[in-house]
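K.L.:
Contents of model_10.cif (mmCIF, C-alpha atoms) are given next:
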```
data_entry
#
loop_
_atom_site.label_atom_id
_atom_site.label_comp_id
_atom_site.auth_asym_id
_atom_site.auth_seq_id
_atom_site.Cartn_x
_atom_site.Cartn_y
_atom_site.Cartn_z
CA MET A 1 37.92 72.72 77.82
CA SER A 2 35.70 70.11 79.38
CA LYS A 3 32.53 71.21 81.07
CA VAL A 4 32.10 70.87 84.81
CA ARG A 5 28.76 69.74 86.08
CA THR A 6 27.42 69.35 89.57
CA GLU A 7 27.43 65.57 89.18
CA ASP A 8 31.24 65.69 88.82
CA LEU A 9 31.43 67.11 92.33
CA LEU A 10 29.22 64.34 93.68
CA GLU A 11 31.59 61.78 92.23
CA GLN A 12 34.81 63.55 93.16
CA PHE A 13 33.99 64.42 96.76
CA GLN A 14 31.55 61.69 97.73
CA LEU A 15 28.89 64.20 98.63
CA GLU A 16 25.50 62.93 99.65
CA LEU A 17 22.72 64.21 97.41
CA VAL A 18 19.84 65.17 99.67
CA ALA A 19 17.43 66.91 97.29
CA GLY A 20 17.14 68.42 93.83
CA GLU A 21 18.21 65.38 91.78
CA GLY A 22 16.76 67.08 88.71
CA GLY A 23 19.62 69.58 88.60
CA VAL A 24 22.69 67.37 88.79
CA HIS A 25 23.45 68.06 85.12
CA ARG A 26 23.70 71.79 85.76
CA GLU A 27 26.92 73.30 84.52
CA ILE A 28 29.30 75.17 86.79
CA HIS A 29 30.74 78.22 85.03
CA THR A 30 33.05 79.67 87.62
CA SER A 31 35.50 78.47 90.23
CA ASP A 32 34.27 81.06 92.74
CA ILE A 33 32.34 79.74 95.67
CA SER A 34 29.76 81.83 97.49
CA ARG A 35 28.81 81.69 101.17
CA PRO A 36 25.42 83.33 101.20
CA GLY A 37 25.50 84.67 104.75
CA VAL A 38 24.31 88.20 104.00
CA GLU A 39 21.67 86.82 101.65
CA MET A 40 20.18 84.90 104.54
CA THR A 41 19.38 88.21 106.20
CA GLY A 42 17.25 89.05 103.20
CA TYR A 43 19.76 91.14 101.21
CA PHE A 44 19.82 89.55 97.75
CA LYS A 45 20.92 92.56 95.70
CA PHE A 46 24.34 91.10 94.85
CA TYR A 47 23.52 87.43 95.27
CA PRO A 48 25.97 85.54 92.97
CA LYS A 49 23.38 82.97 92.06
CA GLU A 50 25.43 81.34 89.29
CA ARG A 51 28.07 80.20 91.75
CA LEU A 52 28.23 77.10 93.85
CA GLN A 53 26.79 77.97 97.28
CA LEU A 54 28.25 76.75 100.52
CA LEU A 55 26.50 76.77 103.87
CA GLY A 56 28.65 76.33 106.96
CA LYS A 57 27.87 76.33 110.62
CA THR A 58 27.50 80.13 110.86
CA GLU A 59 25.02 80.42 108.00
CA MET A 60 23.09 77.41 109.17
CA SER A 61 22.68 78.48 112.78
CA TYR A 62 21.51 81.90 111.66
CA PHE A 63 19.07 80.32 109.25
CA ASN A 64 17.65 78.19 112.03
CA GLU A 65 16.96 81.26 114.14
CA LEU A 66 14.67 82.77 111.52
CA THR A 67 10.89 82.36 111.57
CA LYS A 68 9.39 79.66 109.43
CA GLU A 69 8.06 82.17 106.85
CA GLN A 70 11.44 83.85 106.60
CA ARG A 71 13.15 80.51 106.16
CA GLN A 72 10.78 79.58 103.37
CA GLU A 73 11.24 82.89 101.60
CA ARG A 74 15.06 82.95 101.86
CA ALA A 75 15.39 79.33 100.82
CA GLN A 76 13.31 79.95 97.74
CA ARG A 77 15.40 82.96 96.79
CA LEU A 78 18.60 81.00 97.30
CA CYS A 79 17.49 78.23 94.97
CA THR A 80 17.39 79.97 91.59
CA ASP A 81 17.13 78.29 88.23
CA VAL A 82 20.84 78.83 87.49
CA THR A 83 22.35 77.90 90.84
CA PRO A 84 24.51 74.84 90.20
CA GLY A 85 24.20 73.52 93.71
CA ILE A 86 24.26 74.11 97.45
CA VAL A 87 26.75 72.30 99.66
CA ILE A 88 26.16 71.93 103.38
CA THR A 89 29.15 71.05 105.52
CA ARG A 90 29.75 69.16 108.77
CA GLY A 91 26.93 66.74 107.97
CA MET A 92 24.49 69.17 109.59
CA ASP A 93 20.75 68.58 109.74
CA ILE A 94 19.01 70.16 106.80
CA PRO A 95 16.03 72.42 107.48
CA GLU A 96 12.87 71.19 105.85
CA GLU A 97 12.26 74.56 104.12
CA LEU A 98 15.60 74.43 102.36
CA ARG A 99 15.10 70.85 101.30
CA ASP A 100 11.67 71.64 99.83
CA ALA A 101 12.89 74.75 98.01
CA ALA A 102 15.85 72.88 96.51
CA GLN A 103 13.65 70.00 95.44
CA GLU A 104 11.18 72.32 93.79
CA ALA A 105 13.74 74.42 91.91
CA GLY A 106 15.86 71.40 91.01
CA VAL A 107 18.95 72.76 92.75
CA PRO A 108 21.12 69.87 93.96
CA LEU A 109 21.46 70.03 97.74
CA MET A 110 24.57 68.18 98.84
CA LEU A 111 25.86 67.18 102.23
CA SER A 112 29.52 66.86 103.17
CA PRO A 113 30.73 65.38 106.48
CA PHE A 114 33.80 67.66 106.59
CA LYS A 115 34.52 71.11 108.05
CA THR A 116 33.70 74.21 106.02
CA THR A 117 37.25 75.46 105.46
CA ARG A 118 38.36 72.02 104.33
CA VAL A 119 35.46 71.70 101.91
CA ILE A 120 36.04 75.20 100.49
CA SER A 121 39.73 74.64 99.80
CA ARG A 122 39.17 71.26 98.20
CA LEU A 123 36.31 72.48 96.05
CA THR A 124 38.27 75.57 95.02
CA ASN A 125 41.33 73.53 94.09
CA PHE A 126 39.25 71.15 92.03
CA LEU A 127 37.38 73.93 90.21
CA GLU A 128 40.51 76.07 89.68
CA THR A 129 42.19 73.13 87.96
CA LYS A 130 39.15 72.53 85.80
CA PHE A 131 38.87 76.18 84.77
CA ALA A 132 42.59 76.78 84.31
CA PRO A 133 43.59 78.48 81.02
CA PHE A 134 44.63 75.86 78.53
CA THR A 135 46.76 75.61 75.41
CA ALA A 136 48.61 73.02 73.36
CA ILE A 137 52.17 73.42 72.15
CA HIS A 138 54.16 71.52 69.56
CA GLY A 139 57.07 70.01 71.43
CA VAL A 140 58.26 67.26 73.69
CA LEU A 141 58.07 67.35 77.49
CA VAL A 142 60.62 65.38 79.48
CA ASP A 143 61.32 65.25 83.21
CA ILE A 144 65.11 65.58 83.55
CA TYR A 145 66.47 65.29 87.10
CA GLY A 146 63.14 66.55 88.36
CA ILE A 147 63.07 69.58 86.01
CA GLY A 148 60.24 69.68 83.50
CA VAL A 149 61.98 70.53 80.23
CA LEU A 150 59.91 71.43 77.20
CA ILE A 151 61.85 70.79 74.00
CA THR A 152 60.56 72.82 71.06
CA GLY A 153 61.71 73.32 67.49
CA GLN A 154 60.77 72.81 63.89
CA SER A 155 59.32 69.53 62.70
CA GLY A 156 62.14 67.11 61.87
CA VAL A 157 64.82 68.87 63.95
CA GLY A 158 65.15 65.83 66.20
CA LYS A 159 62.97 66.46 69.26
CA SER A 160 61.64 62.94 69.52
CA GLU A 161 65.05 61.37 68.90
CA THR A 162 66.51 63.51 71.67
CA ALA A 163 63.67 62.47 73.95
CA LEU A 164 64.41 58.82 73.20
CA GLU A 165 68.04 59.27 74.10
CA LEU A 166 67.02 61.05 77.31
CA VAL A 167 64.65 58.22 78.24
CA LYS A 168 67.46 55.77 77.57
CA ARG A 169 69.59 57.73 80.01
CA GLY A 170 67.00 57.28 82.73
CA HIS A 171 64.80 60.37 82.37
CA ARG A 172 61.05 60.36 82.00
CA LEU A 173 58.85 61.11 79.04
CA VAL A 174 55.72 63.13 79.68
CA ALA A 175 54.49 63.95 76.17
CA ASP A 176 55.71 63.69 72.60
CA ASP A 177 54.84 66.07 69.79
CA SER A 178 51.81 67.71 71.34
CA VAL A 179 51.90 68.97 74.91
CA GLU A 180 48.70 70.11 76.59
CA ILE A 181 49.48 72.91 79.01
CA ARG A 182 47.29 74.45 81.66
CA GLN A 183 48.14 77.42 83.78
CA GLU A 184 47.54 77.02 87.47
CA ASP A 185 47.80 80.03 89.69
CA TYR A 186 49.55 82.93 87.99
CA ASP A 187 53.00 81.37 87.64
CA THR A 188 52.69 77.62 87.20
CA LEU A 189 52.44 75.69 83.95
CA ILE A 190 51.53 72.03 84.06
CA GLY A 191 52.05 69.94 80.93
CA ASN A 192 50.60 66.59 80.07
CA SER A 193 50.06 64.41 77.03
CA PRO A 194 46.79 64.21 75.12
CA PRO A 195 45.29 60.96 76.49
CA LEU A 196 45.25 59.26 73.11
CA ILE A 197 49.01 59.45 72.58
CA GLU A 198 50.21 59.07 76.16
CA HIS A 199 53.51 57.11 76.51
CA LEU A 200 53.99 57.07 72.74
CA LEU A 201 56.94 58.39 70.80
CA GLU A 202 57.26 58.70 67.05
CA ILE A 203 60.70 58.08 65.60
CA ARG A 204 61.26 58.59 61.88
CA GLY A 205 62.02 55.22 60.33
CA LEU A 206 60.75 53.21 63.31
CA GLY A 207 57.26 54.58 63.57
CA ILE A 208 55.30 54.73 66.79
CA ILE A 209 56.85 53.10 69.85
CA ASN A 210 55.49 52.70 73.35
CA VAL A 211 58.02 54.03 75.83
CA MET A 212 56.30 52.49 78.83
CA THR A 213 56.23 48.93 77.56
CA LEU A 214 59.75 49.27 76.13
CA PHE A 215 61.47 50.95 79.08
CA GLY A 216 59.10 50.34 81.99
CA ALA A 217 56.84 52.39 84.20
CA GLY A 218 59.82 54.39 85.51
CA ALA A 219 60.38 55.91 82.08
CA VAL A 220 57.14 57.86 81.93
CA ARG A 221 55.09 60.21 84.00
CA SER A 222 51.65 61.61 83.37
CA TYR A 223 52.17 65.31 84.08
CA LYS A 224 54.96 67.69 85.03
CA ARG A 225 55.43 71.34 85.82
CA ILE A 226 57.30 73.10 83.00
CA THR A 227 60.27 75.14 84.25
CA LEU A 228 62.64 75.26 81.30
CA VAL A 229 62.23 75.51 77.54
CA ILE A 230 64.93 74.24 75.21
CA ASN A 231 64.48 75.44 71.65
CA LEU A 232 66.32 73.33 69.07
CA GLU A 233 67.10 74.95 65.74
CA LEU A 234 69.24 74.15 62.76
CA TRP A 235 72.67 75.77 63.05
CA GLU A 236 72.77 79.04 61.19
CA LYS A 237 76.24 80.21 60.39
CA ASN A 238 75.57 83.88 60.83
CA LYS A 239 73.37 83.72 63.88
CA GLN A 240 74.77 84.67 67.28
CA TYR A 241 74.31 81.99 69.90
CA ASP A 242 74.76 82.51 73.60
CA ARG A 243 78.43 81.93 74.38
CA LEU A 244 78.49 83.01 78.01
CA GLY A 245 75.19 82.13 79.58
CA LEU A 246 74.91 85.50 81.32
CA GLU A 247 71.68 86.52 79.66
CA GLU A 248 68.47 84.70 80.39
CA GLU A 249 66.02 84.39 77.51
CA THR A 250 62.41 83.62 78.23
CA MET A 251 59.44 82.29 76.33
CA LYS A 252 55.93 83.39 77.16
CA ILE A 253 53.36 80.64 77.49
CA MET A 254 49.97 82.11 78.37
CA ASP A 255 50.82 84.58 81.17
CA VAL A 256 53.98 82.87 82.37
CA GLU A 257 57.54 83.71 81.32
CA VAL A 258 59.57 80.50 81.22
CA PRO A 259 63.39 80.55 80.97
CA GLN A 260 64.47 79.43 77.52
CA ALA A 261 67.74 78.36 75.91
CA THR A 262 68.24 78.07 72.16
CA ILE A 263 70.50 75.22 71.19
CA PRO A 264 71.78 74.93 67.63
CA VAL A 265 71.65 71.47 66.11
CA ARG A 266 74.54 70.19 64.06
CA PRO A 267 75.82 66.70 63.30
CA GLY A 268 78.18 65.58 66.04
CA ARG A 269 76.51 67.51 68.84
CA ASN A 270 75.08 65.18 71.44
CA LEU A 271 71.83 66.95 72.18
CA ALA A 272 70.72 64.67 74.99
CA VAL A 273 73.86 65.40 76.99
CA ILE A 274 73.62 69.12 76.28
CA ILE A 275 70.01 69.23 77.43
CA GLU A 276 70.81 67.12 80.47
CA VAL A 277 73.52 69.58 81.43
CA ALA A 278 71.24 72.53 80.69
CA ALA A 279 68.74 71.11 83.17
CA MET A 280 71.40 70.52 85.82
CA ASN A 281 72.88 73.96 85.28
CA PHE A 282 69.44 75.49 85.57
CA ARG A 283 69.00 73.75 88.92
CA LEU A 284 72.36 75.03 90.07
CA LYS A 285 71.43 78.58 89.10
CA ARG A 286 68.21 78.33 91.07
CA MET A 287 70.26 77.13 94.05
CA GLY A 288 72.42 80.22 93.72
CA VAL A 289 75.44 78.87 91.88
CA ASN A 290 75.94 80.68 88.60
CA ALA A 291 79.15 79.59 86.86
CA ALA A 292 78.95 82.23 84.14
CA GLU A 293 78.40 85.09 86.55
CA GLU A 294 81.11 83.93 88.94
CA PHE A 295 83.58 83.68 86.12
CA SER A 296 82.58 87.07 84.76
CA GLU A 297 83.18 88.66 88.17
CA ARG A 298 86.57 86.99 88.43
CA LEU A 299 87.56 88.27 85.03
CA THR A 300 86.46 91.81 85.87
CA LYS A 301 88.47 91.71 89.09
CA VAL A 302 91.64 90.52 87.33
CA ILE A 303 91.33 93.24 84.71
CA ASP A 304 90.80 95.91 87.38
CA GLN A 305 93.81 94.71 89.33
CA ASP A 306 96.02 94.72 86.25
CA GLN A 307 95.02 98.29 85.52
CA GLN A 308 95.73 99.45 89.06
CA ASN A 309 99.15 97.81 89.01
CA SER A 310 100.23 99.40 85.78
CA MET B 1 48.82 83.75 57.05
CA ILE B 2 45.63 82.24 55.72
CA GLU B 3 43.12 79.94 57.30
CA ARG B 4 40.17 77.94 56.10
CA SER B 5 37.40 76.07 57.89
CA ILE B 6 36.58 72.78 56.23
CA THR B 7 34.60 69.62 56.83
CA VAL B 8 36.43 66.32 56.64
CA GLU B 9 34.86 64.17 53.97
CA LEU B 10 37.48 61.45 53.93
CA GLU B 11 35.39 58.33 54.52
CA THR B 12 37.48 56.80 57.29
CA GLY B 13 38.38 60.08 58.93
CA LEU B 14 42.03 60.62 59.75
CA GLN B 15 42.88 57.13 60.97
CA ALA B 16 46.53 56.20 61.38
CA ARG B 17 47.35 55.57 57.71
CA PRO B 18 45.49 58.52 56.22
CA ALA B 19 46.91 60.72 58.97
CA ALA B 20 50.44 59.63 58.07
CA GLN B 21 49.74 60.45 54.45
CA PHE B 22 48.33 63.83 55.40
CA VAL B 23 51.43 64.65 57.41
CA GLN B 24 53.65 63.56 54.56
CA GLN B 25 51.80 65.90 52.21
CA ALA B 26 52.05 68.74 54.73
CA ASN B 27 55.79 68.20 55.03
CA ARG B 28 56.30 68.91 51.33
CA PHE B 29 55.58 72.56 51.96
CA THR B 30 57.85 75.03 53.65
CA SER B 31 55.00 76.98 55.25
CA ASP B 32 54.07 76.42 58.86
CA ILE B 33 50.83 74.50 58.81
CA PHE B 34 48.46 74.00 61.71
CA ILE B 35 45.25 72.13 62.14
CA GLU B 36 42.64 73.08 64.69
CA LYS B 37 39.72 71.14 66.12
CA ASP B 38 37.61 72.22 69.10
CA GLU B 39 40.04 75.07 69.78
CA LYS B 40 42.93 72.62 70.06
CA ARG B 41 45.68 73.51 67.64
CA VAL B 42 48.44 71.14 66.56
CA ASN B 43 51.23 71.21 64.03
CA ALA B 44 50.01 69.52 60.85
CA LYS B 45 53.52 68.29 60.11
CA SER B 46 53.64 66.13 63.18
CA ILE B 47 51.82 62.85 63.12
CA MET B 48 51.36 62.39 66.85
CA GLY B 49 49.81 65.80 67.28
CA LEU B 50 47.45 65.21 64.39
CA MET B 51 46.42 61.79 65.64
CA SER B 52 45.82 63.11 69.14
CA LEU B 53 42.93 65.13 67.72
CA ALA B 54 41.20 61.94 66.50
CA ILE B 55 39.51 63.60 63.55
CA GLY B 56 36.57 61.64 62.18
CA THR B 57 34.62 62.03 58.98
CA GLY B 58 32.08 64.85 58.95
CA GLU B 59 33.93 66.85 61.57
CA ASP B 60 34.76 70.50 61.15
CA ILE B 61 38.39 71.50 61.33
CA LYS B 62 40.38 74.60 60.58
CA LEU B 63 43.54 74.60 58.47
CA ILE B 64 46.02 77.40 59.01
CA ALA B 65 49.07 78.00 56.84
CA ASP B 66 51.74 80.64 57.06
CA GLY B 67 54.60 80.97 54.59
CA THR B 68 55.56 81.41 50.98
CA ASP B 69 53.57 78.45 49.66
CA GLU B 70 50.57 78.80 51.98
CA GLU B 71 47.96 79.01 49.21
CA GLU B 72 49.15 75.87 47.52
CA ALA B 73 49.51 74.01 50.82
CA LEU B 74 45.97 74.78 51.92
CA LYS B 75 44.59 73.79 48.55
CA GLU B 76 46.33 70.42 48.44
CA LEU B 77 45.53 69.51 52.04
CA THR B 78 41.91 70.56 51.66
CA ASP B 79 41.65 68.40 48.57
CA TYR B 80 43.13 65.51 50.48
CA VAL B 81 40.61 65.50 53.31
CA GLN B 82 37.71 66.21 50.99
CA GLU B 83 38.36 63.60 48.34
#
```
Please go through the file and, once you have read it, give me the structure as structure tokens.
P.N.:
Amino acid sequence: MSKVRTEDLLEQFQLELVAGEGGVHREIHTSDISRPGVEMTGYFKFYPKERLQLLGKTEMSYFNELTKEQRQERAQRLCTDVTPGIVITRGMDIPEELRDAAQEAGVPLMLSPFKTTRVISRLTNFLETKFAPFTAIHGVLVDIYGIGVLITGQSGVGKSETALELVKRGHRLVADDSVEIRQEDYDTLIGNSPPLIEHLLEIRGLGIINVMTLFGAGAVRSYKRITLVINLELWEKNKQYDRLGLEEETMKIMDVEVPQATIPVRPGRNLAVIIEVAAMNFRLKRMGVNAAEEFSERLTKVIDQDQQNS
Amino acid sequence: MIERSITVELETGLQARPAAQFVQQANRFTSDIFIEKDEKRVNAKSIMGLMSLAIGTGEDIKLIADGTDEEEALKELTDYVQE
């Protein structure tokens, strides 16, 4: 995982650095943001000093009502040697005491022209993404009719070839072979390609091809939420495959259970079409249309009727 | 399952051609083989995954093998990157 430093925030949010230039390389370790309102009253027992601090209108107006000595003392206690930075919102005037304390301790003091709630949500989103749990999975990620489908399976089973066929049919490649996945929130998985091999596909016998230059910008996308896993495996004669589609298998990636279908591979089976249909069928199910279940109910009803009649 | 931390001594690092050769060697074994760098783990039998790690000479990597021929696989692949 890449490190997040205060200077990244400056770049990302166009904050104005007012004081404490010495600390812009400080690392941010948590996505939590603290609003040190109670601390300003002098209660520092639980001050989360390692977090990014945010001062809004409430904190600032209170601070300005304190005596000069109090302001000096509180400002110094706010600016610790591990605090990654203090953000002041609404482009408010910065009290001299705070500026001096930040400068002395090397805590970057940053000014944002926007409202507090807006700044908090944007900062939180940015930090949450940066600190999201991360993993890499061997597979191919394709966007099929707007569904992010992760195709997994043993090396050489035909994942890349299937992806090529899918791209040829108008779908979009996200990543080949190695998919970087981060978990956002508790239920969302976002997959993207490692930057070095973005847009590339490896086909046995052809080598490495560039899908974007071959098929155009519409054939690729840089990231996609993963909602379905298709596991390709060589056809085993004695293994039971799903014949009805009533059961829903899942695969656990980090903390998220993703619906999964296992599709046996055998010469003569057009995998691209099968996966395309799997994606469409998955969409239908989510919209409330479940062909397998409807049929199963119909069958049950007919059997019941027959028994009553006899 | 066995794993081994090694330093890549291959002069050029795993550039495209050496990486392809590495993958070819890995594919001769039936064991599942993984390669890990900076906590990123990829399948050692897939060339794109391996190349996405951009492994240079002198870098520390971890080889992980799981299967009936894991010992042999690790030995051969270690030899390859340390020759």
K.L.:
Taking only residues of chain B that have an atom at most 12 Å from an atom of chain A, what is each one's shortest atom pair and its distance in Å to one decimal, using all atoms listed in the file, in chain and number order, as a tab-separated table?
P.N.:
```
residue	atom	partner	partner_atom	distance
B:Ala16	CA	A:Ile208	CA	10.4
B:Arg17	CA	A:Gly207	CA	11.6
B:Ala20	CA	A:Gly207	CA	10.1
B:Val23	CA	A:Ser155	CA	10.7
B:Gln24	CA	A:Ser155	CA	11.6
B:Ala26	CA	A:Ser155	CA	10.8
B:Asn27	CA	A:Ser155	CA	8.5
B:Arg28	CA	A:Ser155	CA	11.8
B:Phe29	CA	A:Ser155	CA	11.8
B:Thr30	CA	A:Ser155	CA	10.7
B:Ser31	CA	A:Gln154	CA	11.2
B:Asp32	CA	A:Gln154	CA	9.1
B:Ile33	CA	A:Ser155	CA	10.6
B:Phe34	CA	A:His138	CA	10.0
B:Ile35	CA	A:His138	CA	11.6
B:Glu36	CA	A:Ala136	CA	10.5
B:Lys37	CA	A:Ala136	CA	11.6
B:Asp38	CA	A:Met1	CA	8.7
B:Glu39	CA	A:Met1	CA	8.6
B:Lys40	CA	A:Ala136	CA	6.6
B:Arg41	CA	A:Ala136	CA	6.4
B:Val42	CA	A:His138	CA	6.5
B:Asn43	CA	A:His138	CA	6.3
B:Ala44	CA	A:Ser155	CA	9.5
B:Lys45	CA	A:Ser155	CA	6.5
B:Ser46	CA	A:Ser155	CA	6.6
B:Ile47	CA	A:Glu202	CA	7.9
B:Met48	CA	A:Asp177	CA	5.9
B:Gly49	CA	A:Ser178	CA	4.9
B:Leu50	CA	A:Ser178	CA	8.6
B:Met51	CA	A:Ile197	CA	7.8
B:Ser52	CA	A:Leu196	CA	5.6
B:Leu53	CA	A:Leu196	CA	8.3
B:Ala54	CA	A:Leu196	CA	8.2
B:Ile55	CA	A:Leu196	CA	12.0
```
K.L.:
In Å to one decimal, how far is CA of Leu98 in chain A from CA of Gly22 in chain A?
P.N.:
15.5 Å
K.L.:
Which residue is closest to Ser5 in chain B? Choose from B:Asp60, B:Glu83, B:Glu76, B:Asp69 and count all atoms listed in the file.
P.N.:
B:Asp60
K.L.:
Report, in Å to a single decimal, how far apart CA of Pro95 in chain A and CA of Asn64 in chain A are.
P.N.:
7.5 Å
K.L.:
Figure out the distance between CA of Phe44 in chain A and CA of Ala101 in chain A, please, to one decimal in Å.
P.N.:
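Distance reported for this atom pair: 16.3 Å.
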K.L.:
As JSON, please report the centre and edge lengths, rounded to one decimal in Å, of the axis-aligned box that holds all listed atoms of range 74-82 of chain B with 8 Å of padding on each of the six sides.
P.N.:
```
{"center_x": 42.0, "center_y": 70.1, "center_z": 50.9, "size_x": 24.6, "size_y": 25.3, "size_z": 20.9}
```
K.L.:
Since I can't run it myself right now, could you work out what the PyMOL selection byres ((chain B and resi 79-81) around 8) selects here and report it as JSON, numbers by chain?
P.N.:
{"B": [8, 9, 10, 22, 75, 76, 77, 78, 82, 83]}
K.L.:
Would you be able to write out as a list in words which residues have an atom within 9 Å of (31.4, 66.4, 100.1) in the file's coordinates, counting all atoms listed in the file?
P.N.:
Leu9, Leu10, Gln12, Phe13, Gln14, Leu15, Glu16, Val87, Ile88, Thr89, Met110, Leu111, Ser112, Pro113, Phe114, Val119 and Leu123 of chain A
K.L.:
Just say which residues the PyMOL selection byres ((chain A and resi 102) around 9) picks in this file, as number ranges by chain.
P.N.:
A: 19-20, 75-76, 78-80, 85-86, 97-101, 103-109
K.L.:
Using the chain letters and numbering of this document, enumerate as an MDAnalysis selection string the residues selected by the PyMOL selection byres ((chain A and resi 36) around 10).
P.N.:
chainID A and resid 33:35 37:41 43:44 47:49 53:56 59 78
K.L.:
So which residues touch Ile144 in chain A within 12 Å, counting all atoms listed in the file, skipping near sequence neighbours fewer than 3 positions away, as a VMD selection string?
P.N.:
chain A and resid 141 147 to 151 163 165 to 174 219 to 221 224 to 229 272 to 283
K.L.:
Might you pull out every residue within 7 Å of Val265 in chain A, with all atoms listed in the file counted and same-chain residues fewer than 6 positions away left off, and present them as an NGL selection string?
P.N.:
:A and (232-235)
